[in-house]
Amino acid sequence: MTDESPRITLYRRLRWPQSARKARIHAVLLASVLWAALIVTFTAGSGNRSISGTIKGPDFLQFYTIGSLVRTGQIGDLYDAEALHRRQVALVPESGPELYPPVYPPHAALLFAPFSALSFRQAMLLWSAITIALFWVIVRSTWRPLAASLPDSMFVFAAAAAFPPFWNLVLYGQISILVLAAFWAGWMALDRQRPFVAGLAFGLLLIKPQFAVPLVVVVLVCREWAMMLGAVTSIAVQLGTVAVVLGVRVLAAYAAFVPVMLRHADLLEAKPFQSHSLRALTRLAPAAIALPLWVVLVAAVLAALVRVWTSGAPLRVRVGVLILASVLVNPHLIVYDAVVLALPLLWFGAYVQARQVRADAVMFWTTVYWLCVTLIAPTARAIAVQVSVILMTWILVLITRIVMHDYVTVARSASRGIPVPVRDPISQPVL
């Protein structure tokens, strides 16, 4: 076998420097440790409790319970906290200490009604399998068009498996995979120039409506009327289905409970150190300025989103900023909800790679690395400040700056009749 040419050796060094190799190793090791721990959590312990003493799939328990209420026709108990808890304990006797307020819209109960026909353990494992499979499909279909800029499939999928929000999503048995799927389907529709269909997909955010705030701003400010029509249609179909199947009264009961949720929002976060949005920072401020400060920061994030959305940036980047903004401005975002960041981190990574500006690429990937560290080990538990929020904000600033720089450069070149060079992200990779 002949030795490789100096040109091939140089190419490989450019393509995979030491930092990239280390990142790949770290991703593989972290994924192995996390998923081994999750398997132990799901298999060890007595009955439905893990070796740590917590219920296995703790958040799934509430979905299983409300699904059971729908399946057995006890619709009136959906928004009665005491009746909900009695039903929960009847289904899973070990769950007496766990209390869940009825915060989810009624179509969530309708969705999980079939699962309640199984035992709790069977239903929880089935939902975990669905979550993992759907996440795999979303990540794979998102990465494939980006493979020229992100060619290391082992790193991509190891990093996806090690992504702390995804691991927490499966650990808790949460439903944030549906939010990720809604953003993914909306992006695919926009990519095919079908804004009405994109609106239909984005309307599925009704399952966790707090994610839709930036989308509403984009639709109204940028006059995305076809998208708005699709979202309204989607919401109407969902509410109409609930009204027909469960009755109008359950919608009224949910509407009556929403103000209660808003008044006691802090009580919904049993572990504040697991919160990862701007509110995790502003709640540290004195009460008199916490809300005004949050409003100002939210306004700044939404202003950056509108700038990017109207800049002519690639669609993936614009939707990525939309998703990142939905995380930052979210008044109630737990670590598993941050699974939606899987899409923008892939899109932004490919974007900075293709630009071939090494400083920007190094800054982005370094920030992403430490973001993952702070998501798996939330700093707020030790120092009160949630560093992950600062890092996500910096990613927003970095991508906005890059987008606006590129937009101004293209606009100036076009006005002068200067052709803009198209870079080949494979022939001269940055990382």
# chains A, B, ... in the order shown; residues from 1 in each chain; ligands from 1
>>> select_by_dssp(residues="segment 250-370 of chain A", states="alpha helix (DSSP H)", output="NGL selection string")
:A and (250-263 or 278-282 or 287-309 or 315-328 or 342-355 or 358-370)
>>> residues_around(residues="segment 205-217 of chain A", least_positions_apart="5", cutoff="6 Å", atoms="only C-alpha atoms", output="list in words")
Val179, Ser326 and Asn330 of chain A
>>> closest_residue(among="A:Ala162, A:Ala243, A:Val308, A:Met124", to="Ala23 of chain A", atoms="only C-alpha atoms")
A:Ala162
>>> closest_residue(among="A:Val139, A:Leu78, A:Val70, A:Leu281", to="Phe166 of chain A", atoms="only C-alpha atoms")
A:Val139
>>> closest_residue(among="A:Leu126, A:Val340, A:Ala350, A:Ala280", to="Ile390 of chain A", atoms="only C-alpha atoms")
A:Ala280
>>> residues_around(residues="segment 47-63 of chain A", least_positions_apart="2", cutoff="6 Å", atoms="only C-alpha atoms", output="PyMOL selection string")
chain A and resi 41+45+65-67+171-174
>>> write_last_selection(atoms="N, CA and C atoms", output="short mmCIF file (atom, residue, chain, number, x, y, z; two decimals), in the first residue's frame")
data_model
loop_
_atom_site.label_atom_id
_atom_site.label_comp_id
_atom_site.auth_asym_id
_atom_site.auth_seq_id
_atom_site.Cartn_x
_atom_site.Cartn_y
_atom_site.Cartn_z
N THR A 41 -32.17 2.86 34.79
CA THR A 41 -33.30 3.54 35.41
C THR A 41 -34.61 2.84 35.07
N GLY A 45 -34.80 -1.27 40.08
CA GLY A 45 -35.76 -0.71 41.01
C GLY A 45 -36.95 -1.62 41.23
N THR A 65 -52.64 9.02 32.76
CA THR A 65 -53.83 9.21 33.59
C THR A 65 -54.93 9.94 32.84
N ILE A 66 -54.60 11.04 32.17
CA ILE A 66 -55.65 11.78 31.45
C ILE A 66 -56.15 10.98 30.26
N GLY A 67 -55.27 10.17 29.66
CA GLY A 67 -55.73 9.28 28.60
C GLY A 67 -56.72 8.26 29.12
N LEU A 171 -36.24 10.08 29.33
CA LEU A 171 -36.21 9.77 30.75
C LEU A 171 -37.51 10.16 31.44
N TYR A 172 -38.05 11.33 31.12
CA TYR A 172 -39.26 11.82 31.77
C TYR A 172 -40.54 11.34 31.09
N GLY A 173 -40.43 10.84 29.86
CA GLY A 173 -41.63 10.44 29.14
C GLY A 173 -42.47 11.62 28.72
N GLN A 174 -41.81 12.71 28.35
CA GLN A 174 -42.51 13.93 27.98
C GLN A 174 -42.97 13.89 26.52
#
>>> residues_around(residues="Leu169 of chain A", least_positions_apart="6", cutoff="9 Å", atoms="only C-alpha atoms", output="CSV table (one decimal) with N, CA and C atoms, in the first residue's frame")
chain,number,residue,atom,x,y,z
A,128,SER,N,-41.8,5.7,24.8
A,128,SER,CA,-40.3,5.9,24.7
A,128,SER,C,-39.8,5.5,23.3
A,131,THR,N,-40.9,7.9,20.7
A,131,THR,CA,-40.1,9.2,20.8
A,131,THR,C,-38.8,9.0,20.1
A,175,ILE,N,-43.7,14.9,26.1
A,175,ILE,CA,-44.3,15.0,24.7
A,175,ILE,C,-43.7,16.0,23.9
A,176,SER,N,-42.5,16.6,24.3
A,176,SER,CA,-41.9,17.7,23.5
A,176,SER,C,-41.5,17.2,22.1
A,177,ILE,N,-41.4,15.9,21.9
A,177,ILE,CA,-41.1,15.4,20.5
A,177,ILE,C,-42.2,15.9,19.5
A,335,VAL,N,-35.8,21.4,30.6
A,335,VAL,CA,-34.7,20.9,29.8
A,335,VAL,C,-35.1,20.0,28.6
A,336,TYR,N,-36.1,19.2,28.8
A,336,TYR,CA,-36.6,18.3,27.7
A,336,TYR,C,-37.2,19.0,26.6
A,337,ASP,N,-37.8,20.2,26.9
A,337,ASP,CA,-38.4,21.0,25.8
A,337,ASP,C,-37.3,21.6,24.9
A,339,VAL,N,-35.3,20.1,23.4
A,339,VAL,CA,-35.0,19.1,22.3
A,339,VAL,C,-35.2,19.7,20.9
>>> atom_distance(atom1="atom CA of Trp35 of chain A", atom2="atom CA of Ser277 of chain A")
25.6 Å
>>> residues_around(residues="Ile376 of chain A", least_positions_apart="6", cutoff="10 Å", atoms="only C-alpha atoms", output="VMD selection string")
chain A and resid 30 34 162 to 165 167 to 168 274 335 370 388
>>> write_last_selection(atoms="N, CA and C atoms", output="PDB file, in the first residue's frame")
ATOM      1  N   LEU A  30     -20.357  10.240  26.002  1.00  0.00           N
ATOM      2  CA  LEU A  30     -21.506  10.765  26.729  1.00  0.00           C
ATOM      3  C   LEU A  30     -22.773  10.003  26.373  1.00  0.00           C
ATOM      4  N   LEU A  34     -24.993   8.052  29.145  1.00  0.00           N
ATOM      5  CA  LEU A  34     -26.372   8.480  29.378  1.00  0.00           C
ATOM      6  C   LEU A  34     -27.370   7.361  29.115  1.00  0.00           C
ATOM      7  N   ALA A 162     -26.415  11.911  22.328  1.00  0.00           N
ATOM      8  CA  ALA A 162     -25.919  12.468  23.582  1.00  0.00           C
ATOM      9  C   ALA A 162     -26.548  13.808  23.923  1.00  0.00           C
ATOM     10  N   PHE A 163     -27.416  14.323  23.052  1.00  0.00           N
ATOM     11  CA  PHE A 163     -28.000  15.641  23.282  1.00  0.00           C
ATOM     12  C   PHE A 163     -28.816  15.593  24.579  1.00  0.00           C
ATOM     13  N   PRO A 164     -28.430  16.313  25.608  1.00  0.00           N
ATOM     14  CA  PRO A 164     -29.086  16.191  26.916  1.00  0.00           C
ATOM     15  C   PRO A 164     -30.604  16.371  26.908  1.00  0.00           C
ATOM     16  N   PRO A 165     -31.168  17.331  26.153  1.00  0.00           N
ATOM     17  CA  PRO A 165     -32.632  17.445  26.147  1.00  0.00           C
ATOM     18  C   PRO A 165     -33.327  16.197  25.602  1.00  0.00           C
ATOM     19  N   TRP A 167     -32.215  13.065  25.787  1.00  0.00           N
ATOM     20  CA  TRP A 167     -32.116  12.048  26.822  1.00  0.00           C
ATOM     21  C   TRP A 167     -33.134  12.304  27.935  1.00  0.00           C
ATOM     22  N   ASN A 168     -33.253  13.557  28.356  1.00  0.00           N
ATOM     23  CA  ASN A 168     -34.236  13.906  29.380  1.00  0.00           C
ATOM     24  C   ASN A 168     -35.662  13.702  28.891  1.00  0.00           C
ATOM     25  N   GLN A 274     -33.918  23.278  36.355  1.00  0.00           N
ATOM     26  CA  GLN A 274     -34.117  22.588  35.086  1.00  0.00           C
ATOM     27  C   GLN A 274     -34.728  23.502  34.026  1.00  0.00           C
ATOM     28  N   VAL A 335     -35.802  21.382  30.590  1.00  0.00           N
ATOM     29  CA  VAL A 335     -34.687  20.918  29.776  1.00  0.00           C
ATOM     30  C   VAL A 335     -35.132  20.026  28.630  1.00  0.00           C
ATOM     31  N   TRP A 370     -20.259  23.881  24.946  1.00  0.00           N
ATOM     32  CA  TRP A 370     -20.519  24.263  26.340  1.00  0.00           C
ATOM     33  C   TRP A 370     -22.006  24.367  26.626  1.00  0.00           C
ATOM     34  N   SER A 388     -26.672  28.161  30.430  1.00  0.00           N
ATOM     35  CA  SER A 388     -27.178  27.708  29.136  1.00  0.00           C
ATOM     36  C   SER A 388     -27.962  28.810  28.428  1.00  0.00           C
TER      37      SER A 388
END
>>> residues_around(residues="segment 195-199 of chain A", least_positions_apart="5", cutoff="6 Å", atoms="only C-alpha atoms", output="number ranges by chain")
A: 186, 189-190, 226-228, 230-231
>>> write_last_selection(atoms="C-alpha atoms", output="PDB file, in the first residue's frame")
ATOM      1  CA  GLY A 186     -43.473  23.194   9.050  1.00  0.00           C
ATOM      2  CA  ALA A 189     -43.571  22.487   3.920  1.00  0.00           C
ATOM      3  CA  LEU A 190     -41.917  25.908   3.658  1.00  0.00           C
ATOM      4  CA  ALA A 226     -51.112  31.897   4.012  1.00  0.00           C
ATOM      5  CA  MET A 227     -49.217  30.480   6.968  1.00  0.00           C
ATOM      6  CA  MET A 228     -51.642  32.143   9.360  1.00  0.00           C
ATOM      7  CA  GLY A 230     -53.073  27.205   7.760  1.00  0.00           C
ATOM      8  CA  ALA A 231     -52.402  27.591  11.495  1.00  0.00           C
TER       9      ALA A 231
END
>>> residues_around(residues="Asp77 of chain A", least_positions_apart="4", cutoff="12 Å", atoms="only C-alpha atoms", output="number ranges by chain")
A: 65-70, 72-73, 81-88, 101-102, 106, 109, 246, 249-250, 253-254
>>> write_last_selection(atoms="C-alpha atoms", output="compact mmCIF listing (two decimals), in the first residue's frame")
# COMPACT_ATOMS: atom_id res chain seq x y z
CA THR A 65 -53.83 9.21 33.59
CA ILE A 66 -55.65 11.78 31.45
CA GLY A 67 -55.73 9.28 28.60
CA SER A 68 -57.38 6.79 30.93
CA LEU A 69 -60.01 9.35 31.95
CA VAL A 70 -60.92 9.86 28.29
CA THR A 72 -63.26 5.38 30.42
CA GLY A 73 -65.58 8.32 29.78
CA ALA A 81 -56.93 18.17 40.30
CA GLU A 82 -58.18 15.99 43.15
CA ALA A 83 -60.11 13.62 40.89
CA LEU A 84 -57.10 13.45 38.56
CA HIS A 85 -54.83 12.43 41.42
CA ARG A 86 -57.29 9.78 42.65
CA ARG A 87 -57.39 8.26 39.18
CA GLN A 88 -53.59 8.36 38.97
CA PRO A 101 -51.79 19.87 37.93
CA PRO A 102 -54.04 19.47 34.83
CA PRO A 106 -57.77 18.21 26.16
CA ALA A 109 -55.74 13.42 26.71
CA LEU A 246 -65.19 14.97 24.27
CA ARG A 249 -67.63 21.54 28.28
CA VAL A 250 -64.11 20.16 28.45
CA ALA A 253 -63.02 23.72 31.71
CA TYR A 254 -59.57 24.00 30.17
>>> closest_residue(among="A:Arg279, A:Leu204, A:Arg223, A:Ala113", to="Pro292 of chain A", atoms="only C-alpha atoms")
A:Arg279
>>> atom_distance(atom1="atom CA of Leu146 of chain A", atom2="atom CA of Trp347 of chain A")
7.7 Å
